[in-house]
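Undergrad: So I've got this file, run-v7.txt, and it contains compact mmCIF, C-alpha atoms:
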```txt
# COMPACT_ATOMS: atom_id res chain seq x y z
CA MET Z 1 4.31 -17.91 -21.67
CA LYS Z 2 4.79 -18.91 -18.04
CA PRO Z 3 3.16 -17.08 -15.10
CA HIS Z 4 6.43 -15.46 -14.03
CA GLU Z 5 6.85 -14.08 -17.54
CA TRP Z 6 3.33 -12.64 -17.45
CA SER Z 7 4.23 -11.20 -14.06
CA GLU Z 8 7.37 -9.55 -15.46
CA GLN Z 9 5.33 -7.92 -18.18
CA LEU Z 10 2.67 -6.82 -15.71
CA LEU Z 11 5.33 -5.19 -13.54
CA ASP Z 12 6.66 -3.33 -16.59
CA ALA Z 13 3.15 -2.09 -17.37
CA MET Z 14 2.72 -0.96 -13.76
CA ILE Z 15 6.00 0.93 -13.70
CA ASN Z 16 5.22 2.57 -17.03
CA ALA Z 17 1.70 3.55 -15.93
CA ASP Z 18 0.36 1.58 -18.89
CA ARG Z 19 -3.09 0.74 -17.62
CA SER Z 20 -4.57 -0.41 -20.91
CA GLY Z 21 -1.48 -2.52 -21.61
CA ALA Z 22 -1.87 -4.19 -18.23
CA ALA Z 23 -5.54 -4.87 -18.87
CA GLU Z 24 -4.71 -6.43 -22.23
CA LEU Z 25 -2.01 -8.51 -20.63
CA ILE Z 26 -4.34 -9.91 -17.98
CA GLY Z 27 -6.96 -10.56 -20.63
CA ASN Z 28 -4.41 -12.53 -22.63
CA ALA Z 29 -3.30 -14.50 -19.57
CA LEU Z 30 -6.88 -15.50 -18.84
CA ALA Z 31 -7.49 -16.29 -22.51
CA ASN Z 32 -4.43 -18.52 -22.45
CA GLY Z 33 -6.06 -20.67 -19.84
CA ILE Z 34 -4.47 -19.35 -16.66
CA GLU Z 35 -7.08 -19.61 -13.92
CA PRO Z 36 -8.12 -16.32 -12.28
CA GLN Z 37 -6.82 -17.42 -8.87
CA GLN Z 38 -3.52 -18.36 -10.48
CA VAL Z 39 -3.35 -14.92 -12.08
CA ILE Z 40 -3.74 -13.39 -8.63
CA ALA Z 41 -1.24 -15.71 -6.96
CA GLU Z 42 1.40 -16.10 -9.65
CA VAL Z 43 1.11 -13.03 -11.84
CA LEU Z 44 -0.26 -10.18 -9.73
CA ASP Z 45 1.13 -11.04 -6.28
CA PRO Z 46 4.79 -11.30 -7.36
CA ALA Z 47 4.48 -8.07 -9.37
CA ILE Z 48 3.09 -6.24 -6.34
CA VAL Z 49 5.77 -7.63 -4.04
CA ARG Z 50 8.50 -6.45 -6.44
CA LEU Z 51 6.75 -3.14 -6.78
CA GLY Z 52 6.85 -2.86 -3.00
CA HIS Z 53 10.59 -3.46 -3.04
CA LEU Z 54 11.08 -0.73 -5.63
CA TRP Z 55 8.94 1.55 -3.49
CA GLU Z 56 11.00 0.80 -0.38
CA LYS Z 57 14.20 1.49 -2.32
CA GLU Z 58 12.62 4.77 -3.36
CA THR Z 59 13.09 4.06 -7.02
CA MET Z 60 9.39 4.60 -7.68
CA SER Z 61 7.51 7.82 -7.49
CA LEU Z 62 4.24 8.28 -5.63
CA ALA Z 63 2.61 8.76 -8.99
CA GLN Z 64 3.89 5.50 -10.41
CA ASN Z 65 2.69 3.76 -7.29
CA PHE Z 66 -0.69 5.40 -7.69
CA VAL Z 67 -1.16 4.11 -11.20
CA ALA Z 68 0.28 0.72 -10.29
CA SER Z 69 -2.29 0.40 -7.51
CA LYS Z 70 -5.06 1.06 -9.97
CA ILE Z 71 -3.70 -1.60 -12.29
CA ALA Z 72 -3.61 -4.05 -9.38
CA GLU Z 73 -7.19 -3.14 -8.57
CA ASP Z 74 -8.25 -3.64 -12.18
CA THR Z 75 -6.59 -7.04 -12.22
CA LEU Z 76 -8.23 -8.13 -9.01
CA LEU Z 77 -11.64 -7.01 -10.17
CA ARG Z 78 -11.24 -9.21 -13.23
CA CYS Z 79 -10.01 -12.19 -11.26
CA VAL Z 80 -11.86 -12.14 -7.94
CA PRO Z 81 -14.64 -14.71 -7.91
CA ASP Z 82 -18.21 -13.51 -7.57
CA LYS Z 83 -19.19 -13.24 -3.92
CA THR Z 84 -22.20 -15.43 -4.50
CA ASP Z 85 -19.88 -18.24 -5.55
CA SER Z 86 -18.48 -18.45 -2.05
CA LEU Z 87 -20.07 -21.04 0.17
CA CYS Z 88 -18.44 -19.90 3.38
CA THR Z 89 -16.33 -17.01 4.54
CA LYS Z 90 -13.42 -16.62 6.88
CA GLY Z 91 -15.29 -14.03 8.92
CA ALA Z 92 -16.02 -10.33 9.06
CA ILE Z 93 -13.51 -7.51 9.12
CA VAL Z 94 -13.95 -3.75 9.06
CA LEU Z 95 -11.73 -1.42 7.05
CA GLY Z 96 -11.44 2.33 6.85
CA ASN Z 97 -9.08 5.23 6.50
CA ILE Z 98 -8.85 6.85 9.90
CA GLU Z 99 -10.27 10.30 10.58
CA ASP Z 100 -8.64 13.03 8.43
CA ASP Z 101 -7.05 10.52 6.06
CA PHE Z 102 -8.26 10.52 2.47
CA HIS Z 103 -5.78 8.23 0.74
CA SER Z 104 -8.02 5.39 -0.30
CA LEU Z 105 -5.99 3.45 -2.84
CA GLY Z 106 -4.16 1.18 -0.42
CA ARG Z 107 -7.27 0.49 1.58
CA LYS Z 108 -9.24 -0.41 -1.53
CA ALA Z 109 -6.53 -2.77 -2.69
CA VAL Z 110 -6.44 -4.46 0.72
CA GLY Z 111 -10.22 -4.79 0.66
CA LEU Z 112 -10.12 -6.44 -2.73
CA PHE Z 113 -7.40 -8.88 -1.71
CA LEU Z 114 -9.24 -9.78 1.48
CA SER Z 115 -12.51 -10.29 -0.39
CA ALA Z 116 -10.66 -12.49 -2.84
CA ALA Z 117 -9.28 -14.45 0.09
CA GLY Z 118 -12.76 -15.10 1.44
CA TRP Z 119 -13.34 -12.42 4.08
CA ASP Z 120 -16.55 -10.45 4.52
CA VAL Z 121 -15.15 -6.96 4.16
CA TYR Z 122 -17.02 -3.94 5.50
CA ASP Z 123 -15.22 -0.98 3.96
CA LEU Z 124 -16.34 2.26 5.57
CA GLY Z 125 -14.29 4.50 3.26
CA ASN Z 126 -12.21 7.59 4.00
CA ASP Z 127 -12.05 9.89 7.00
CA VAL Z 128 -13.81 7.49 9.38
CA PRO Z 129 -13.98 8.40 13.08
CA ALA Z 130 -12.64 5.80 15.49
CA GLU Z 131 -16.08 5.42 17.12
CA GLU Z 132 -17.66 4.51 13.80
CA LEU Z 133 -15.07 1.84 13.02
CA LEU Z 134 -15.52 0.23 16.42
CA GLU Z 135 -19.33 0.34 16.36
CA LYS Z 136 -19.35 -1.36 12.96
CA ALA Z 137 -16.92 -4.02 14.15
CA ILE Z 138 -19.17 -4.79 17.11
CA GLU Z 139 -22.28 -4.82 14.89
CA VAL Z 140 -20.88 -7.31 12.37
CA ASN Z 141 -18.93 -9.31 14.96
CA ALA Z 142 -15.63 -8.59 13.26
CA CYS Z 143 -12.47 -10.10 14.69
CA ALA Z 144 -10.38 -7.19 13.48
CA ILE Z 145 -10.43 -3.64 12.26
CA GLY Z 146 -8.03 -2.50 9.56
CA ALA Z 147 -7.24 1.19 9.99
CA SER Z 148 -5.37 2.84 7.17
CA ALA Z 149 -3.36 6.05 7.10
CA MET Z 150 -0.99 7.43 4.52
CA MET Z 151 0.88 10.00 6.57
CA GLN Z 152 2.40 10.35 10.00
CA THR Z 153 -0.03 12.83 11.54
CA THR Z 154 -3.13 11.00 10.40
CA ALA Z 155 -1.62 7.69 11.53
CA LEU Z 156 -1.50 9.10 15.04
CA ASN Z 157 -5.29 9.45 14.95
CA ILE Z 158 -5.42 5.64 15.13
CA ARG Z 159 -4.38 5.91 18.80
CA LYS Z 160 -7.93 6.95 19.61
CA LEU Z 161 -9.26 3.72 18.13
CA ARG Z 162 -6.78 1.71 20.21
CA GLN Z 163 -7.95 3.57 23.29
CA LEU Z 164 -11.63 2.95 22.54
CA ILE Z 165 -11.10 -0.77 21.95
CA ASP Z 166 -9.26 -1.10 25.25
CA GLU Z 167 -11.71 1.07 27.20
CA ARG Z 168 -14.61 -1.08 26.01
CA GLY Z 169 -12.83 -4.21 27.20
CA LEU Z 170 -12.55 -5.56 23.66
CA THR Z 171 -8.78 -5.90 23.48
CA ASP Z 172 -8.91 -9.69 23.12
CA ARG Z 173 -12.00 -9.75 20.93
CA ILE Z 174 -11.24 -7.15 18.28
CA LYS Z 175 -7.71 -6.83 16.95
CA LEU Z 176 -6.34 -3.69 15.34
CA ALA Z 177 -4.48 -4.00 12.05
CA VAL Z 178 -2.83 -0.86 10.76
CA GLY Z 179 -1.53 -0.08 7.32
CA GLY Z 180 -0.55 2.56 4.83
CA ALA Z 181 2.65 3.81 3.29
CA VAL Z 182 3.88 5.53 6.43
CA PHE Z 183 3.98 2.24 8.36
CA ASN Z 184 6.33 0.77 5.78
CA TRP Z 185 8.67 3.72 6.13
CA ARG Z 186 8.39 3.79 9.91
CA PRO Z 187 7.70 0.33 11.36
CA GLU Z 188 7.94 1.66 14.92
CA LEU Z 189 4.75 3.59 14.26
CA VAL Z 190 2.76 0.34 14.44
CA SER Z 191 3.30 0.03 18.19
CA GLU Z 192 3.20 3.80 18.69
CA VAL Z 193 -0.41 3.88 17.52
CA GLY Z 194 -1.28 0.63 19.30
CA GLY Z 195 -1.53 -1.63 16.28
CA ASP Z 196 -1.60 -5.41 16.71
CA GLY Z 197 0.04 -5.92 13.35
CA THR Z 198 0.61 -4.65 9.85
CA ALA Z 199 1.39 -5.92 6.37
CA ASN Z 200 3.77 -4.35 3.91
CA ASN Z 201 1.32 -4.60 1.07
CA ALA Z 202 -2.11 -5.86 0.11
CA VAL Z 203 -0.74 -9.29 -0.70
CA GLY Z 204 0.18 -9.84 2.95
CA ALA Z 205 -3.16 -8.68 4.32
CA ASP Z 206 -4.85 -12.10 4.31
CA GLU Z 207 -2.03 -13.67 6.32
CA LEU Z 208 -2.14 -10.78 8.81
CA PHE Z 209 -5.87 -11.04 9.37
CA MET Z 210 -5.67 -14.82 9.64
CA ARG Z 211 -3.08 -14.41 12.39
CA LEU Z 212 -5.16 -11.80 14.21
CA GLN Z 213 -8.25 -13.99 13.95
CA ALA Z 214 -6.30 -16.93 15.37
CA GLU Z 215 -5.21 -14.77 18.30
CA VAL Z 216 -8.81 -13.83 19.01
CA MET Z 217 -9.93 -17.44 18.81
CA ASN Z 218 -7.13 -18.63 21.06
CA ARG Z 219 -8.02 -16.05 23.69
CA GLN Z 220 -11.67 -17.00 23.49
CA GLY Z 221 -10.98 -20.72 23.49
CA THR Z 222 -12.69 -21.27 20.17
CA PRO Z 223 -11.49 -24.42 18.47
CA MET M 1 10.59 40.72 22.83
CA ASN M 2 9.73 37.95 20.38
CA PRO M 3 12.56 36.61 18.25
CA HIS M 4 12.72 37.08 14.51
CA THR M 5 10.43 34.62 12.75
CA ILE M 6 11.65 32.59 9.79
CA TRP M 7 8.88 30.99 7.75
CA ILE M 8 10.15 27.98 5.82
CA SER M 9 7.45 27.47 3.27
CA CYS M 10 6.53 25.39 0.30
CA GLY M 11 6.63 27.47 -2.86
CA VAL M 12 3.08 26.44 -3.67
CA VAL M 13 1.81 29.18 -1.34
CA ARG M 14 4.51 31.71 -2.14
CA ALA M 15 2.13 34.36 -3.47
CA GLU M 16 -0.12 34.00 -0.44
CA MET M 17 2.75 34.17 2.05
CA GLU M 18 4.21 37.21 0.32
CA GLU M 19 0.82 38.92 0.31
CA LEU M 20 0.34 38.35 4.05
CA HIS M 21 3.84 39.68 4.61
CA ARG M 22 3.20 42.69 2.39
CA ARG M 23 0.04 43.48 4.34
CA GLY M 24 2.02 43.31 7.57
CA LEU M 25 -0.05 40.40 8.90
CA ILE M 26 3.03 38.23 9.30
CA ASP M 27 6.48 39.52 9.96
CA GLY M 28 9.95 38.06 9.73
CA GLU M 29 11.74 36.34 6.90
CA LEU M 30 10.22 34.19 4.17
CA LEU M 31 12.14 31.22 2.77
CA PHE M 32 10.69 29.07 0.02
CA LEU M 33 11.53 25.64 -1.33
CA ASP M 34 10.42 24.52 -4.77
CA SER M 35 6.93 23.03 -4.70
CA MET M 36 8.04 20.37 -7.18
CA LEU M 37 9.96 18.71 -4.35
CA HIS M 38 6.60 17.14 -3.49
CA MET M 39 7.14 14.81 -6.38
CA ASP M 40 10.15 13.39 -4.54
CA PRO M 41 9.39 13.19 -0.79
CA PRO M 42 12.86 11.90 0.26
CA GLN M 43 14.48 14.77 -1.59
CA LEU M 44 12.01 17.16 0.04
CA GLU M 45 13.06 15.84 3.47
CA THR M 46 16.74 16.22 2.61
CA ARG M 47 16.29 19.80 1.50
CA LEU M 48 14.08 20.67 4.45
CA THR M 49 16.52 19.12 6.90
CA ALA M 50 19.42 21.07 5.40
CA THR M 51 17.42 24.29 5.56
CA LEU M 52 16.40 23.68 9.17
CA GLU M 53 19.97 22.85 10.18
CA GLN M 54 21.21 26.03 8.57
CA GLN M 55 18.51 28.25 10.05
CA LYS M 56 18.60 26.68 13.48
CA ALA M 57 22.12 27.96 13.87
CA GLY M 58 20.71 31.49 14.04
CA ASN M 59 18.41 33.04 16.63
CA GLY M 60 15.21 32.95 14.66
CA CYS M 61 11.93 31.32 15.60
CA LEU M 62 11.34 28.73 12.87
CA VAL M 63 7.94 27.83 11.42
CA MET M 64 7.42 25.21 8.75
CA VAL M 65 4.62 25.99 6.32
CA TYR M 66 4.19 22.41 5.21
CA GLY M 67 1.53 19.78 5.56
CA ASP M 68 2.13 16.07 5.86
CA CYS M 69 4.21 16.16 2.72
CA SER M 70 6.61 13.35 3.57
CA ALA M 71 6.85 10.53 6.08
CA HIS M 72 8.96 12.36 8.66
CA MET M 73 7.45 15.82 8.96
CA LEU M 74 6.63 15.41 12.63
CA ASP M 75 10.13 14.08 13.28
CA LEU M 76 11.58 17.25 11.81
CA VAL M 77 9.34 19.32 14.09
CA ARG M 78 10.44 17.33 17.14
CA ARG M 79 14.12 17.26 16.19
CA PHE M 80 14.48 20.96 15.49
CA HIS M 81 11.86 22.20 17.99
CA VAL M 82 10.09 24.29 15.39
CA GLY M 83 6.48 25.19 14.73
CA ARG M 84 4.46 23.73 11.88
CA VAL M 85 1.05 24.64 10.52
CA SER M 86 -1.67 22.24 11.58
CA ALA M 87 -2.83 21.06 8.18
CA ILE M 88 -2.45 17.81 6.32
CA ASN M 89 -1.65 19.64 3.08
CA CYS M 90 -1.52 23.06 1.49
CA ALA M 91 -5.13 22.93 0.29
CA GLN M 92 -6.35 22.27 3.82
CA LEU M 93 -4.16 25.13 4.99
CA LEU M 94 -6.10 27.46 2.67
CA VAL M 95 -9.66 26.25 3.23
CA GLY M 96 -9.55 24.86 6.79
CA ARG M 97 -10.28 21.39 8.12
CA GLU M 98 -14.07 21.37 7.90
CA ARG M 99 -14.32 22.84 4.41
CA TYR M 100 -11.59 20.46 3.27
CA ARG M 101 -13.60 17.49 4.56
CA GLN M 102 -16.69 18.71 2.73
CA LEU M 103 -14.73 19.07 -0.48
CA MET M 104 -13.22 15.60 -0.10
CA ARG M 105 -16.69 14.12 0.40
CA GLU M 106 -17.61 15.81 -2.86
CA GLU M 107 -14.57 14.05 -4.37
CA ALA M 108 -13.06 17.35 -5.35
CA PHE M 109 -9.58 17.59 -6.81
CA LEU M 110 -8.26 20.84 -5.40
CA VAL M 111 -6.16 23.04 -7.65
CA LEU M 112 -3.98 25.73 -6.10
CA PRO M 113 -3.04 28.78 -8.16
CA GLU M 114 0.66 27.93 -8.33
CA TRP M 115 -0.14 24.32 -9.22
CA ALA M 116 -2.57 25.31 -11.98
CA SER M 117 0.22 26.69 -14.11
CA ARG M 118 2.12 23.40 -13.82
CA TRP M 119 -0.70 20.91 -14.31
CA GLU M 120 0.52 19.72 -17.68
CA GLN M 121 4.11 19.24 -16.52
CA ILE M 122 2.98 17.30 -13.43
CA MET M 123 0.35 15.12 -15.04
CA LYS M 124 2.29 14.30 -18.18
CA ASP M 125 5.96 14.51 -17.26
CA GLU M 126 6.01 13.73 -13.55
CA LEU M 127 3.11 11.28 -13.35
CA GLY M 128 3.55 9.95 -16.85
CA LEU M 129 -0.18 9.95 -17.45
CA ASN M 130 -1.44 10.01 -20.98
CA LYS M 131 -4.85 11.51 -21.59
CA ALA M 132 -6.73 8.21 -21.60
CA THR M 133 -5.18 7.03 -18.34
CA ALA M 134 -5.63 10.41 -16.69
CA HIS M 135 -9.25 10.44 -17.81
CA ASP M 136 -9.87 7.02 -16.29
CA LEU M 137 -8.00 7.56 -13.07
CA MET M 138 -9.38 10.99 -12.30
CA GLY M 139 -12.88 9.97 -13.31
CA GLU M 140 -12.84 7.01 -10.95
CA ASN M 141 -11.48 8.90 -7.98
CA ARG M 142 -12.64 12.47 -8.36
CA GLY M 143 -15.83 14.25 -9.29
CA VAL M 144 -14.86 17.84 -9.90
CA LEU M 145 -11.86 20.15 -10.20
CA VAL M 146 -12.06 23.02 -7.73
CA TYR M 147 -9.72 25.95 -8.26
CA LEU M 148 -8.95 27.66 -4.97
CA ASP M 149 -8.91 31.33 -5.90
CA THR M 150 -6.97 33.33 -3.34
CA GLY M 151 -7.56 36.48 -5.36
CA LEU M 152 -3.90 37.19 -6.00
CA ALA M 153 -3.90 36.27 -9.68
CA SER M 154 -6.52 36.12 -12.35
CA VAL M 155 -8.24 32.77 -12.63
CA PRO M 156 -6.39 30.80 -15.34
CA GLU M 157 -9.55 29.84 -17.14
CA GLN M 158 -7.87 28.50 -20.24
CA GLN M 159 -5.52 26.25 -18.26
CA LEU M 160 -8.39 25.00 -16.11
CA GLN M 161 -10.43 24.25 -19.20
CA GLU M 162 -7.51 22.34 -20.69
CA PHE M 163 -7.02 20.42 -17.46
CA SER M 164 -10.74 19.72 -17.39
CA THR M 165 -10.63 18.38 -20.93
CA TYR M 166 -7.58 16.27 -20.09
CA THR M 167 -9.19 14.70 -17.01
CA GLY M 168 -12.80 14.71 -18.12
CA LEU M 169 -13.86 16.44 -14.91
CA PRO M 170 -15.91 19.63 -14.71
CA TRP M 171 -14.31 22.58 -12.96
CA ARG M 172 -15.38 25.45 -10.81
CA VAL M 173 -13.79 28.24 -8.83
CA GLU M 174 -14.03 28.65 -5.07
CA ALA M 175 -12.99 31.97 -3.58
CA VAL M 176 -10.71 31.56 -0.59
CA SER M 177 -9.80 34.31 1.84
CA LEU M 178 -6.39 34.25 3.44
CA ASP M 179 -7.88 34.46 6.94
CA THR M 180 -7.86 30.69 7.53
CA MET M 181 -4.26 30.39 6.43
CA LEU M 182 -3.27 33.37 8.56
CA ALA M 183 -4.86 31.83 11.64
CA ALA M 184 -2.93 28.60 11.04
CA LEU M 185 0.31 30.54 10.62
CA MET M 186 -0.23 32.49 13.83
CA SER M 187 -1.05 29.31 15.74
CA ALA M 188 2.08 27.61 14.40
CA ARG M 189 4.17 30.62 15.37
CA THR M 190 2.79 30.48 18.91
CA GLU M 191 3.80 26.82 19.07
CA ALA M 192 7.24 27.68 17.74
CA LEU M 193 7.70 30.33 20.41
CA LYS M 194 6.74 27.81 23.09
CA GLU M 195 9.30 25.39 21.70
CA GLU M 196 11.90 28.15 21.69
CA SER M 197 11.31 28.99 25.33
CA ALA M 198 11.04 25.34 26.47
```
Please lay out the structure from this file as structure tokens.
TA:
Amino acid sequence: MKPHEWSEQLLDAMINADRSGAAELIGNALANGIEPQQVIAEVLDPAIVRLGHLWEKETMSLAQNFVASKIAEDTLLRCVPDKTDSLCTKGAIVLGNIEDDFHSLGRKAVGLFLSAAGWDVYDLGNDVPAEELLEKAIEVNACAIGASAMMQTTALNIRKLRQLIDERGLTDRIKLAVGGAVFNWRPELVSEVGGDGTANNAVGADELFMRLQAEVMNRQGTP
Amino acid sequence: MNPHTIWISCGVVRAEMEELHRRGLIDGELLFLDSMLHMDPPQLETRLTATLEQQKAGNGCLVMVYGDCSAHMLDLVRRFHVGRVSAINCAQLLVGRERYRQLMREEAFLVLPEWASRWEQIMKDELGLNKATAHDLMGENRGVLVYLDTGLASVPEQQLQEFSTYTGLPWRVEAVSLDTMLAALMSARTEALKEESA
């Protein structure tokens, strides 16, 4: 079976909330000699992108998305290389659900994808005050903070983080990535809360953080 | 004289709203939408918008008893100049922000009385979770089921036990007074009146 066929089957398992079926499928793909990184890139990524399209077209329920996210997480955990195998990293980034937000699935998936892509991820969890996110970013010399929010009112709490970054004179040193379902539904919210960028799903997170890191480096004159 | 208040509320807190009304702690008219609309946020928005359009034509002061249940809740508030309770969801409306945060840190899955009677329908039919998947998912993300007992119905012990068996999580009951919810309702009504007079 070719990777796109595995991907089709994985998508079916995600939509049907068949977690054990998905696990078996990934196990079979790996047993058939598909490399873990290829599973991520050619089986999981396309399934998640298509899942995102279904979500945007509102043909998926929140619940289906919930289970699908867990399946994606399971798959990543099986395919992400051991951290100790990495010789170098892309840099540090800090993640967290903003204060009053408790929807952790998207953030966890982003963290896994970013770890898989070679970032040092400091995931502070749910309901994290803006001050805490910024202090951690300064401590670990992160080029960006990823603030997650599921709903409109909690997304607005990210404005405080934007304000703190600017007040501390760190606008060019620490970029603010924002994400969560509400930003997909309402793209204008990204600028409303002061975000420097967003990604529609976890698959796009690496590219987003690479871009933000490049912006920081360009401003600082780092080669 | 204050205008007539119309409370547009999620059916999940119907018993609580009706009790506050019965006790004379809130006045006006109570309108409820089916709590199952939460399973379909766009449909919830459509129904809410239609209800707000219809009610806005009258002279009432409108208050939405809804949390952040869909992506455009704040837009509805701004568009129709209505009040809305300051809570991210119905559970936070009942227990308040600080207690809600404590419960979330405990990884509690909060069960409202109205929801308790529908757990099987929601988990199996709406979410499509079989027992094994539900067991895994709940076990990974939650630590305990907490039934929020508002004292208006007997605790459905058998249903909670069945839900506990289905998810593999222990359960307990937390008594909740309606004072916190009432304060949120009154605050939202004050906001609605300000919007009306603006």
Undergrad: Near chain Z, meaning an atom within 10 Å, which residues of chain M appear when counting all atoms listed in the file? Write them as a PyMOL selection string.
TA: chain M and resi 38-42+67-75+86-88+97-98+100-101+104-105+107+122-123+126-130+132-134+136-137+140-141
Undergrad: Atoms to include: C-alpha atoms. Write the selected residues as a PDB file, in the frame of the given file.
TA:
```pdb
ATOM      1  CA  HIS M  38       6.600  17.140  -3.490  1.00  0.00           C
ATOM      2  CA  MET M  39       7.140  14.810  -6.380  1.00  0.00           C
ATOM      3  CA  ASP M  40      10.150  13.390  -4.540  1.00  0.00           C
ATOM      4  CA  PRO M  41       9.390  13.190  -0.790  1.00  0.00           C
ATOM      5  CA  PRO M  42      12.860  11.900   0.260  1.00  0.00           C
ATOM      6  CA  GLY M  67       1.530  19.780   5.560  1.00  0.00           C
ATOM      7  CA  ASP M  68       2.130  16.070   5.860  1.00  0.00           C
ATOM      8  CA  CYS M  69       4.210  16.160   2.720  1.00  0.00           C
ATOM      9  CA  SER M  70       6.610  13.350   3.570  1.00  0.00           C
ATOM     10  CA  ALA M  71       6.850  10.530   6.080  1.00  0.00           C
ATOM     11  CA  HIS M  72       8.960  12.360   8.660  1.00  0.00           C
ATOM     12  CA  MET M  73       7.450  15.820   8.960  1.00  0.00           C
ATOM     13  CA  LEU M  74       6.630  15.410  12.630  1.00  0.00           C
ATOM     14  CA  ASP M  75      10.130  14.080  13.280  1.00  0.00           C
ATOM     15  CA  SER M  86      -1.670  22.240  11.580  1.00  0.00           C
ATOM     16  CA  ALA M  87      -2.830  21.060   8.180  1.00  0.00           C
ATOM     17  CA  ILE M  88      -2.450  17.810   6.320  1.00  0.00           C
ATOM     18  CA  ARG M  97     -10.280  21.390   8.120  1.00  0.00           C
ATOM     19  CA  GLU M  98     -14.070  21.370   7.900  1.00  0.00           C
ATOM     20  CA  TYR M 100     -11.590  20.460   3.270  1.00  0.00           C
ATOM     21  CA  ARG M 101     -13.600  17.490   4.560  1.00  0.00           C
ATOM     22  CA  MET M 104     -13.220  15.600  -0.100  1.00  0.00           C
ATOM     23  CA  ARG M 105     -16.690  14.120   0.400  1.00  0.00           C
ATOM     24  CA  GLU M 107     -14.570  14.050  -4.370  1.00  0.00           C
ATOM     25  CA  ILE M 122       2.980  17.300 -13.430  1.00  0.00           C
ATOM     26  CA  MET M 123       0.350  15.120 -15.040  1.00  0.00           C
ATOM     27  CA  GLU M 126       6.010  13.730 -13.550  1.00  0.00           C
ATOM     28  CA  LEU M 127       3.110  11.280 -13.350  1.00  0.00           C
ATOM     29  CA  GLY M 128       3.550   9.950 -16.850  1.00  0.00           C
ATOM     30  CA  LEU M 129      -0.180   9.950 -17.450  1.00  0.00           C
ATOM     31  CA  ASN M 130      -1.440  10.010 -20.980  1.00  0.00           C
ATOM     32  CA  ALA M 132      -6.730   8.210 -21.600  1.00  0.00           C
ATOM     33  CA  THR M 133      -5.180   7.030 -18.340  1.00  0.00           C
ATOM     34  CA  ALA M 134      -5.630  10.410 -16.690  1.00  0.00           C
ATOM     35  CA  ASP M 136      -9.870   7.020 -16.290  1.00  0.00           C
ATOM     36  CA  LEU M 137      -8.000   7.560 -13.070  1.00  0.00           C
ATOM     37  CA  GLU M 140     -12.840   7.010 -10.950  1.00  0.00           C
ATOM     38  CA  ASN M 141     -11.480   8.900  -7.980  1.00  0.00           C
TER      39      ASN M 141
END
```
Undergrad: Give me the residues near Ala192 in chain M as a PyMOL selection string, where near means some atom within 9 Å (using only C-alpha atoms) and where sequence neighbours in that chain fewer than 3 positions away do not count.
TA: chain M and resi 61-63+81-84+187-189+195-197
Undergrad: Pick out the residues sitting within 10 Å of Phe32 in chain M, and hand them over as a list in words; count only C-alpha atoms, and ignore anything fewer than 5 positions along from it in its own chain.
TA: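 The residues that qualify are Trp7, Ile8, Ser9, Cys10, Gly11, Val12, Val13, Arg14, Met17, Thr51 and Val65 of chain M.
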Undergrad: Give me the residues within 7 Å of range 178-181 of chain M as a list of chain:residue names, counting only C-alpha atoms and dropping any in the same chain fewer than 3 places off.
TA: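 The contact residues come out as M:Leu93, M:Leu94, M:Val95, M:Gly96, M:Thr150, M:Ala184, M:Leu185.
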Undergrad: CA of Cys79 in chain Z and CA of Met210 in chain Z, how far apart in Å?
TA: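 Answer for the CA of Met210 in chain Z to CA of Cys79 in chain Z separation: 21.5 Å.
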Undergrad: Provide the CA of Gly27 in chain Z to CA of Ala72 in chain Z distance in Å, to one decimal place.
TA: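 One can read the CA of Gly27 in chain Z to CA of Ala72 in chain Z distance as 13.4 Å.
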Undergrad: Residues near Ser154 in chain M, anyone? I mean within 12 Å using all atoms listed in the file, not counting same-chain ones fewer than 5 positions away, as a ChimeraX atom specification.
TA: /M:113-114,116-117,147-149,159-160,173,175
Undergrad: Which one is closest to Leu110 in chain M: M:Val144, M:Met138, M:Leu37, M:Ile6? Count all atoms listed in the file.
TA: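 Of the candidates, the smallest distance to Leu110 in chain M is held by M:Val144.
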Undergrad: Tell me, in Å to one decimal, how far CA of Ala130 in chain Z is from CA of Thr171 in chain Z.
TA: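 These two atoms are separated by 14.7 Å.
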Undergrad: Which is closer to Glu19 in chain M than all the others in M:Ala57, M:Ala153, M:Ala50, M:Leu103, using only C-alpha atoms?
TA: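 Among the listed residues, M:Ala153 lies closest to Glu19 in chain M.
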Undergrad: Could you tell me, as a VMD selection string, which residues have any atom at most 8 Å from (-5.8, -2.4, -3.4), counting all atoms listed in the file?
TA: chain Z and resid 69 to 70 72 to 73 105 to 113 202
Undergrad: Pick out the residues sitting within 10 Å of Pro3 in chain Z, and hand them over as a PDB file with C-alpha atoms, in the frame of the given file; count all atoms listed in the file, and ignore anything fewer than 6 positions along from it in its own chain.
TA:
```pdb
ATOM      1  CA  GLN Z   9       5.330  -7.920 -18.180  1.00  0.00           C
ATOM      2  CA  ALA Z  29      -3.300 -14.500 -19.570  1.00  0.00           C
ATOM      3  CA  ILE Z  34      -4.470 -19.350 -16.660  1.00  0.00           C
ATOM      4  CA  GLN Z  38      -3.520 -18.360 -10.480  1.00  0.00           C
ATOM      5  CA  VAL Z  39      -3.350 -14.920 -12.080  1.00  0.00           C
ATOM      6  CA  ALA Z  41      -1.240 -15.710  -6.960  1.00  0.00           C
ATOM      7  CA  GLU Z  42       1.400 -16.100  -9.650  1.00  0.00           C
ATOM      8  CA  VAL Z  43       1.110 -13.030 -11.840  1.00  0.00           C
ATOM      9  CA  LEU Z  44      -0.260 -10.180  -9.730  1.00  0.00           C
ATOM     10  CA  PRO Z  46       4.790 -11.300  -7.360  1.00  0.00           C
TER      11      PRO Z  46
END
```
